[in-house]
$ cat entry.cif   # mmCIF, C-alpha atoms and all ligand atoms
data_data
loop_
_atom_site.group_PDB
_atom_site.id
_atom_site.type_symbol
_atom_site.label_atom_id
_atom_site.label_comp_id
_atom_site.auth_asym_id
_atom_site.auth_seq_id
_atom_site.Cartn_x
_atom_site.Cartn_y
_atom_site.Cartn_z
ATOM 1 C CA MET A 1 0.000 0.000 0.000
ATOM 2 C CA LYS A 2 1.190 3.519 -0.816
ATOM 3 C CA LYS A 3 2.504 5.517 2.138
ATOM 4 C CA LYS A 4 0.890 8.906 1.839
ATOM 5 C CA ALA A 5 1.084 12.022 3.959
ATOM 6 C CA LEU A 6 -0.553 15.393 4.218
ATOM 7 C CA TYR A 7 1.345 18.659 4.596
ATOM 8 C CA PRO A 8 -1.158 21.365 5.601
ATOM 9 C CA GLY A 9 -0.514 25.066 5.949
ATOM 10 C CA SER A 10 -1.279 28.576 4.817
ATOM 11 C CA PHE A 11 1.610 28.823 2.323
ATOM 12 C CA ASP A 12 0.977 32.554 1.924
ATOM 13 C CA PRO A 13 3.367 32.382 0.130
ATOM 14 C CA ILE A 14 5.483 29.229 -0.021
ATOM 15 C CA THR A 15 9.069 29.797 1.199
ATOM 16 C CA TYR A 16 12.365 27.900 1.009
ATOM 17 C CA GLY A 17 11.541 26.614 4.514
ATOM 18 C CA HIS A 18 8.372 24.916 3.224
ATOM 19 C CA LEU A 19 10.215 23.631 0.155
ATOM 20 C CA ASP A 20 12.857 22.003 2.324
ATOM 21 C CA ILE A 21 10.179 20.149 4.318
ATOM 22 C CA ILE A 22 8.363 19.162 1.106
ATOM 23 C CA LYS A 23 11.547 17.777 -0.434
ATOM 24 C CA ARG A 24 12.445 15.726 2.638
ATOM 25 C CA ALA A 25 8.905 14.442 3.256
ATOM 26 C CA SER A 26 8.373 13.537 -0.400
ATOM 27 C CA GLU A 27 11.523 11.395 -0.281
ATOM 28 C CA ILE A 28 10.156 9.400 2.662
ATOM 29 C CA PHE A 29 6.515 9.067 1.594
ATOM 30 C CA ASP A 30 5.272 7.648 -1.705
ATOM 31 C CA GLU A 31 2.852 10.520 -2.082
ATOM 32 C CA LEU A 32 2.699 13.894 -0.374
ATOM 33 C CA THR A 33 -0.335 16.164 -0.565
ATOM 34 C CA ILE A 34 0.131 19.831 0.183
ATOM 35 C CA ALA A 35 -3.188 21.054 1.582
ATOM 36 C CA ILE A 36 -3.659 24.817 1.606
ATOM 37 C CA VAL A 37 -6.072 25.973 4.274
ATOM 38 C CA ASP A 38 -8.857 28.119 2.878
ATOM 39 C CA ASN A 39 -9.501 30.395 5.818
ATOM 40 C CA PRO A 40 -10.471 33.995 4.942
ATOM 41 C CA ASP A 41 -10.235 34.918 8.661
ATOM 42 C CA LYS A 42 -6.456 34.757 8.236
ATOM 43 C CA HIS A 43 -6.702 37.536 5.610
ATOM 44 C CA PRO A 44 -4.261 35.878 3.212
ATOM 45 C CA LEU A 45 -2.410 38.006 0.690
ATOM 46 C CA PHE A 46 -2.727 35.403 -2.079
ATOM 47 C CA SER A 47 -5.944 33.637 -3.082
ATOM 48 C CA ILE A 48 -6.093 29.858 -2.897
ATOM 49 C CA GLN A 49 -5.736 29.649 -6.677
ATOM 50 C CA GLU A 50 -2.697 31.967 -6.651
ATOM 51 C CA ARG A 51 -1.054 29.989 -3.862
ATOM 52 C CA LYS A 52 -1.712 26.720 -5.728
ATOM 53 C CA GLU A 53 -0.182 28.127 -8.901
ATOM 54 C CA LEU A 54 2.878 29.439 -7.067
ATOM 55 C CA ILE A 55 3.429 26.063 -5.407
ATOM 56 C CA MET A 56 2.989 24.266 -8.729
ATOM 57 C CA THR A 57 5.591 26.545 -10.301
ATOM 58 C CA VAL A 58 8.262 25.762 -7.730
ATOM 59 C CA ILE A 59 7.667 22.080 -6.916
ATOM 60 C CA LYS A 60 9.892 19.654 -8.764
ATOM 61 C CA ALA A 61 8.899 16.254 -7.296
ATOM 62 C CA ASP A 62 6.268 14.321 -9.244
ATOM 63 C CA ASN A 63 4.838 12.540 -6.179
ATOM 64 C CA VAL A 64 3.584 15.839 -4.707
ATOM 65 C CA ARG A 65 -0.068 16.874 -5.120
ATOM 66 C CA ILE A 66 -1.631 20.209 -4.221
ATOM 67 C CA ASP A 67 -5.091 20.647 -2.796
ATOM 68 C CA SER A 68 -6.987 23.008 -0.501
ATOM 69 C CA PHE A 69 -9.486 22.532 2.290
ATOM 70 C CA GLN A 70 -11.951 24.428 4.426
ATOM 71 C CA GLY A 71 -12.871 23.647 8.006
ATOM 72 C CA LEU A 72 -11.172 21.059 10.164
ATOM 73 C CA LEU A 73 -7.935 19.485 9.032
ATOM 74 C CA VAL A 74 -8.943 16.192 10.638
ATOM 75 C CA GLN A 75 -12.126 16.124 8.581
ATOM 76 C CA TYR A 76 -10.171 16.660 5.389
ATOM 77 C CA ALA A 77 -7.642 13.997 6.436
ATOM 78 C CA THR A 78 -10.373 11.474 7.271
ATOM 79 C CA ASP A 79 -12.367 12.156 4.107
ATOM 80 C CA ASN A 80 -9.235 11.616 2.032
ATOM 81 C CA ASN A 81 -7.819 8.627 3.942
ATOM 82 C CA PHE A 82 -4.752 10.317 5.404
ATOM 83 C CA GLN A 83 -3.299 9.044 8.682
ATOM 84 C CA THR A 84 -0.156 11.142 8.675
ATOM 85 C CA ILE A 85 0.160 14.893 8.948
ATOM 86 C CA ILE A 86 3.518 16.552 8.334
ATOM 87 C CA ARG A 87 4.531 19.751 10.076
ATOM 88 C CA GLY A 88 7.830 21.589 10.270
ATOM 89 C CA LEU A 89 9.316 22.736 13.561
ATOM 90 C CA ARG A 90 11.583 25.757 13.505
ATOM 91 C CA ALA A 91 12.230 26.942 17.027
ATOM 92 C CA VAL A 92 11.133 25.978 20.523
ATOM 93 C CA SER A 93 8.547 28.736 20.197
ATOM 94 C CA ASP A 94 6.723 26.639 17.557
ATOM 95 C CA PHE A 95 6.460 23.707 19.915
ATOM 96 C CA ASP A 96 3.562 24.765 22.170
ATOM 97 C CA TYR A 97 1.228 25.503 19.281
ATOM 98 C CA GLU A 98 2.242 22.440 17.281
ATOM 99 C CA PHE A 99 1.956 20.173 20.329
ATOM 100 C CA GLN A 100 -1.526 21.507 21.074
ATOM 101 C CA MET A 101 -2.560 21.152 17.445
ATOM 102 C CA SER A 102 -1.263 17.583 17.087
ATOM 103 C CA LEU A 103 -2.921 16.459 20.336
ATOM 104 C CA THR A 104 -6.209 18.089 19.297
ATOM 105 C CA ASN A 105 -6.013 16.397 15.922
ATOM 106 C CA ARG A 106 -5.334 13.025 17.542
ATOM 107 C CA ARG A 107 -8.257 13.468 19.896
ATOM 108 C CA LEU A 108 -10.554 14.326 16.999
ATOM 109 C CA GLY A 109 -9.184 11.648 14.699
ATOM 110 C CA GLU A 110 -7.575 8.902 16.720
ATOM 111 C CA ASN A 111 -5.804 7.242 13.800
ATOM 112 C CA ILE A 112 -4.153 10.473 12.775
ATOM 113 C CA ASP A 113 -0.551 11.117 13.735
ATOM 114 C CA THR A 114 1.583 14.191 13.188
ATOM 115 C CA ILE A 115 5.197 13.756 12.168
ATOM 116 C CA PHE A 116 7.504 16.723 12.683
ATOM 117 C CA PHE A 117 10.463 17.616 10.548
ATOM 118 C CA MET A 118 13.078 19.815 12.184
ATOM 119 C CA THR A 119 13.798 22.723 9.936
ATOM 120 C CA ASP A 120 17.108 23.013 8.199
ATOM 121 C CA GLU A 121 18.923 25.516 10.419
ATOM 122 C CA LYS A 122 19.304 27.777 7.373
ATOM 123 C CA TYR A 123 15.570 28.413 7.544
ATOM 124 C CA SER A 124 14.936 28.381 11.282
ATOM 125 C CA TYR A 125 14.044 32.088 11.364
ATOM 126 C CA LEU A 126 11.966 32.055 8.193
ATOM 127 C CA SER A 127 8.204 32.512 7.947
ATOM 128 C CA SER A 128 5.802 33.704 5.260
ATOM 129 C CA SER A 129 4.900 36.696 7.465
ATOM 130 C CA ILE A 130 8.523 37.803 7.770
ATOM 131 C CA VAL A 131 9.025 37.447 4.016
ATOM 132 C CA LYS A 132 5.942 39.612 3.330
ATOM 133 C CA GLN A 133 7.145 42.221 5.804
ATOM 134 C CA VAL A 134 10.651 42.401 4.336
ATOM 135 C CA CYS A 135 9.231 42.593 0.801
ATOM 136 C CA ARG A 136 6.709 45.284 1.752
ATOM 137 C CA TYR A 137 9.556 47.552 2.848
ATOM 138 C CA GLY A 138 11.734 46.844 -0.172
ATOM 139 C CA GLY A 139 14.176 44.378 1.413
ATOM 140 C CA ASP A 140 15.939 41.605 -0.466
ATOM 141 C CA ILE A 141 13.900 38.390 -0.286
ATOM 142 C CA SER A 142 15.965 36.367 -2.755
ATOM 143 C CA SER A 143 17.302 34.026 -0.070
ATOM 144 C CA PHE A 144 13.819 33.423 1.389
ATOM 145 C CA VAL A 145 11.680 32.466 -1.602
ATOM 146 C CA PRO A 146 12.271 31.239 -5.182
ATOM 147 C CA ASP A 147 12.426 33.915 -7.908
ATOM 148 C CA ASP A 148 8.929 33.152 -9.229
ATOM 149 C CA VAL A 149 7.460 33.701 -5.788
ATOM 150 C CA ALA A 150 9.491 36.872 -5.251
ATOM 151 C CA ILE A 151 8.213 38.328 -8.533
ATOM 152 C CA GLU A 152 4.561 37.647 -7.639
ATOM 153 C CA LEU A 153 5.027 38.935 -4.116
ATOM 154 C CA LYS A 154 6.585 42.194 -5.300
ATOM 155 C CA GLU A 155 3.763 42.604 -7.799
ATOM 156 C CA LYS A 156 1.141 41.982 -5.120
ATOM 157 C CA LEU A 157 2.680 44.435 -2.670
ATOM 158 C CA LYS A 158 3.286 47.198 -5.212
HETATM 159 O O1 LIG B 1 0.871 27.399 7.929
HETATM 160 P P1 LIG B 1 0.043 27.505 9.177
HETATM 161 O O2 LIG B 1 -0.808 28.746 9.130
HETATM 162 O O3 LIG B 1 0.873 27.400 10.424
HETATM 163 O O4 LIG B 1 -0.965 26.242 9.169
HETATM 164 C C1 LIG B 1 -1.914 26.064 10.197
HETATM 165 C C2 LIG B 1 -2.943 24.970 9.857
HETATM 166 C C3 LIG B 1 -3.575 25.205 8.509
HETATM 167 C C4 LIG B 1 -2.261 23.618 9.835
HETATM 168 C C5 LIG B 1 -4.016 24.993 10.993
HETATM 169 O O5 LIG B 1 -4.444 26.286 11.191
HETATM 170 C C6 LIG B 1 -5.218 24.102 10.681
HETATM 171 O O6 LIG B 1 -5.117 22.895 10.713
HETATM 172 N N1 LIG B 1 -6.349 24.743 10.350
HETATM 173 C C7 LIG B 1 -7.590 24.048 10.049
HETATM 174 C C8 LIG B 1 -8.562 24.174 11.227
HETATM 175 C C9 LIG B 1 -8.340 23.061 12.240
HETATM 176 O O7 LIG B 1 -8.355 21.886 11.937
HETATM 177 N N2 LIG B 1 -8.127 23.449 13.508
HETATM 178 C C10 LIG B 1 -7.951 22.508 14.590
HETATM 179 C C11 LIG B 1 -6.511 22.066 14.746
HETATM 180 S S1 LIG B 1 -5.894 22.720 16.221
#
$ encode --input "entry.cif" --output "structure tokens"
Amino acid sequence: MKKKALYPGSFDPITYGHLDIIKRASEIFDELTIAIVDNPDKHPLFSIQERKELIMTVIKADNVRIDSFQGLLVQYATDNNFQTIIRGLRAVSDFDYEFQMSLTNRRLGENIDTIFFMTDEKYSYLSSSIVKQVCRYGGDISSFVPDDVAIELKEKLK
């Protein structure tokens, strides 16, 4: 049976930190699905369609799928037969939230486990919010996101 995993997130936009996790997870699992959360309360900069297109542009692996979901992650995982959720951990400060989220998800869906990938230390400070902030004020984001993402981000924040 195929080992498949789900990598959920906002990806607003995708960064080199996400891409590192995607590369490593897609080498371990037969199939990895990136699931973009569709939550307007988060006031994302990019629409779901734009985020999907950006991810498609920068993903190289052919065992990676892209999808989006609304509502509870556990519901999406159950409906689509996922038992494994992938999350990246950057710093200790991520731990509380991720721990709470993984325990909640296991309570709601008892067959669902979260596997954490420690970030590559190169990206331990990186987040989509920081990238947007740096870009908004004209800083150099070339070491944070691929060129295609940087171009779209600059355009969006013009
Ligand atoms: O990239 P992010 O914003 O850190 O991703 C957070 C995400 C999408 C994984 C999380 O907010 C989520 O799972 N949202 C769906 C709603 C849900 O299931 N909440 C209960 C889990 S605590």
$ closest_residue --input "entry.cif" --among "A:Asn105, A:Gln133, A:Ser10, A:Ser143" --to "Ser68 in chain A" --atoms "all atoms listed in the file"
A:Ser10
$ residues_near_ligand --input "entry.cif" --ligand "ligand LIG 1 (chain B)" --cutoff "9 Å" --atoms "all atoms listed in the file" --output "number ranges by chain"
A: 7-12, 35-39, 42, 69-76, 87, 97-98, 100-105, 108, 127-128
$ resolve_selection --input "entry.cif" --expression "the PyMOL selection byres (((chain A and resi 26) around 12) and not hetatm)" --output "PyMOL selection string"
chain A and resi 3-7+18-25+27-34+59-65+86+117
$ resolve_selection --input "entry.cif" --expression "the PyMOL selection byres (((chain A and resi 52) around 9) and not hetatm)" --output "list of chain:residue names"
A:Phe11, A:Ile36, A:Ser47, A:Ile48, A:Gln49, A:Glu50, A:Arg51, A:Glu53, A:Leu54, A:Ile55, A:Met56, A:Thr57, A:Ile66, A:Asp67, A:Ser68
$ write_last_selection --input "entry.cif" --atoms "C-alpha atoms" --output "PDB file, in the frame of the given file"
ATOM      1  CA  PHE A  11       1.610  28.823   2.323  1.00  0.00           C
ATOM      2  CA  ILE A  36      -3.659  24.817   1.606  1.00  0.00           C
ATOM      3  CA  SER A  47      -5.944  33.637  -3.082  1.00  0.00           C
ATOM      4  CA  ILE A  48      -6.093  29.858  -2.897  1.00  0.00           C
ATOM      5  CA  GLN A  49      -5.736  29.649  -6.677  1.00  0.00           C
ATOM      6  CA  GLU A  50      -2.697  31.967  -6.651  1.00  0.00           C
ATOM      7  CA  ARG A  51      -1.054  29.989  -3.862  1.00  0.00           C
ATOM      8  CA  GLU A  53      -0.182  28.127  -8.901  1.00  0.00           C
ATOM      9  CA  LEU A  54       2.878  29.439  -7.067  1.00  0.00           C
ATOM     10  CA  ILE A  55       3.429  26.063  -5.407  1.00  0.00           C
ATOM     11  CA  MET A  56       2.989  24.266  -8.729  1.00  0.00           C
ATOM     12  CA  THR A  57       5.591  26.545 -10.301  1.00  0.00           C
ATOM     13  CA  ILE A  66      -1.631  20.209  -4.221  1.00  0.00           C
ATOM     14  CA  ASP A  67      -5.091  20.647  -2.796  1.00  0.00           C
ATOM     15  CA  SER A  68      -6.987  23.008  -0.501  1.00  0.00           C
TER      16      SER A  68
END
$ closest_residue --input "entry.cif" --among "A:Phe82, A:Tyr123, A:Phe144, A:Phe95" --to "Thr15 in chain A" --atoms "all atoms listed in the file"
A:Phe144
$ closest_residue --input "entry.cif" --among "A:Leu153, A:Pro40, A:Arg107, A:Thr84" --to "Ser129 in chain A" --atoms "only C-alpha atoms"
A:Leu153
$ atom_distance --input "entry.cif" --atom1 "CA of Asp94 in chain A" --atom2 "CA of Gly109 in chain A"
22.0 Å
$ atom_distance --input "entry.cif" --atom1 "CA of Arg136 in chain A" --atom2 "CA of Val58 in chain A"
21.8 Å
$ closest_residue --input "entry.cif" --among "A:Ala150, A:Leu89, A:Leu45, A:Val145" --to "Thr114 in chain A" --atoms "only C-alpha atoms"
A:Leu89
$ build_atoms --input "entry.cif" --residues "range 66-77 of chain A" --atoms "all heavy atoms" --output "compact mmCIF listing (two decimals), in the frame of the given file"
# COMPACT_ATOMS: atom_id res chain seq x y z
N ILE A 66 -1.24 18.98 -4.92
CA ILE A 66 -1.63 20.21 -4.22
C ILE A 66 -3.15 20.26 -4.16
O ILE A 66 -3.82 20.03 -5.17
CB ILE A 66 -1.08 21.45 -4.95
CG1 ILE A 66 0.43 21.32 -5.14
CG2 ILE A 66 -1.40 22.72 -4.16
CD1 ILE A 66 0.98 22.20 -6.23
N ASP A 67 -3.64 20.57 -2.97
CA ASP A 67 -5.09 20.65 -2.80
C ASP A 67 -5.37 21.77 -1.79
O ASP A 67 -4.44 22.39 -1.25
CB ASP A 67 -5.60 19.29 -2.27
CG ASP A 67 -7.10 19.11 -2.50
OD1 ASP A 67 -7.74 20.01 -3.09
OD2 ASP A 67 -7.63 18.08 -2.06
N SER A 68 -6.64 22.03 -1.54
CA SER A 68 -6.99 23.01 -0.50
C SER A 68 -8.16 22.46 0.29
O SER A 68 -8.83 21.51 -0.16
CB SER A 68 -7.36 24.35 -1.14
OG SER A 68 -8.44 24.18 -2.00
N PHE A 69 -8.37 23.01 1.47
CA PHE A 69 -9.49 22.53 2.29
C PHE A 69 -10.04 23.67 3.13
O PHE A 69 -9.35 24.64 3.41
CB PHE A 69 -9.05 21.36 3.19
CG PHE A 69 -8.14 21.75 4.33
CD1 PHE A 69 -8.63 21.90 5.63
CD2 PHE A 69 -6.78 21.99 4.12
CE1 PHE A 69 -7.79 22.27 6.68
CE2 PHE A 69 -5.94 22.35 5.16
CZ PHE A 69 -6.44 22.49 6.45
N GLN A 70 -11.31 23.49 3.50
CA GLN A 70 -11.95 24.43 4.43
C GLN A 70 -12.31 23.64 5.67
O GLN A 70 -12.52 22.44 5.60
CB GLN A 70 -13.23 24.98 3.81
CG GLN A 70 -12.97 25.92 2.66
CD GLN A 70 -14.25 26.46 2.05
OE1 GLN A 70 -15.24 25.76 2.01
NE2 GLN A 70 -14.21 27.69 1.58
N GLY A 71 -12.41 24.32 6.79
CA GLY A 71 -12.87 23.65 8.01
C GLY A 71 -11.75 22.90 8.69
O GLY A 71 -10.58 23.28 8.61
N LEU A 72 -12.14 21.79 9.34
CA LEU A 72 -11.17 21.06 10.16
C LEU A 72 -10.22 20.21 9.33
O LEU A 72 -10.66 19.49 8.42
CB LEU A 72 -11.90 20.14 11.14
CG LEU A 72 -12.55 20.79 12.36
CD1 LEU A 72 -13.26 19.73 13.21
CD2 LEU A 72 -11.52 21.54 13.21
N LEU A 73 -8.96 20.29 9.70
CA LEU A 73 -7.94 19.48 9.03
C LEU A 73 -8.23 17.99 9.18
O LEU A 73 -8.09 17.21 8.23
CB LEU A 73 -6.58 19.84 9.65
CG LEU A 73 -5.38 19.06 9.18
CD1 LEU A 73 -5.18 19.21 7.68
CD2 LEU A 73 -4.13 19.51 9.93
N VAL A 74 -8.67 17.60 10.38
CA VAL A 74 -8.94 16.19 10.64
C VAL A 74 -10.06 15.68 9.72
O VAL A 74 -10.00 14.54 9.24
CB VAL A 74 -9.33 16.00 12.13
CG1 VAL A 74 -10.06 14.71 12.36
CG2 VAL A 74 -8.10 16.08 12.99
N GLN A 75 -11.03 16.52 9.47
CA GLN A 75 -12.13 16.12 8.58
C GLN A 75 -11.61 15.88 7.17
O GLN A 75 -11.92 14.88 6.53
CB GLN A 75 -13.20 17.23 8.57
CG GLN A 75 -14.50 16.81 7.95
CD GLN A 75 -15.12 15.62 8.69
OE1 GLN A 75 -15.27 15.68 9.90
NE2 GLN A 75 -15.42 14.54 7.98
N TYR A 76 -10.77 16.82 6.72
CA TYR A 76 -10.17 16.66 5.39
C TYR A 76 -9.33 15.38 5.34
O TYR A 76 -9.41 14.60 4.39
CB TYR A 76 -9.30 17.88 5.05
CG TYR A 76 -8.56 17.73 3.75
CD1 TYR A 76 -9.17 18.03 2.52
CD2 TYR A 76 -7.25 17.25 3.73
CE1 TYR A 76 -8.49 17.85 1.32
CE2 TYR A 76 -6.57 17.07 2.54
CZ TYR A 76 -7.19 17.37 1.34
OH TYR A 76 -6.52 17.19 0.15
N ALA A 77 -8.52 15.17 6.41
CA ALA A 77 -7.64 14.00 6.44
C ALA A 77 -8.48 12.71 6.41
O ALA A 77 -8.18 11.78 5.64
CB ALA A 77 -6.76 14.04 7.69
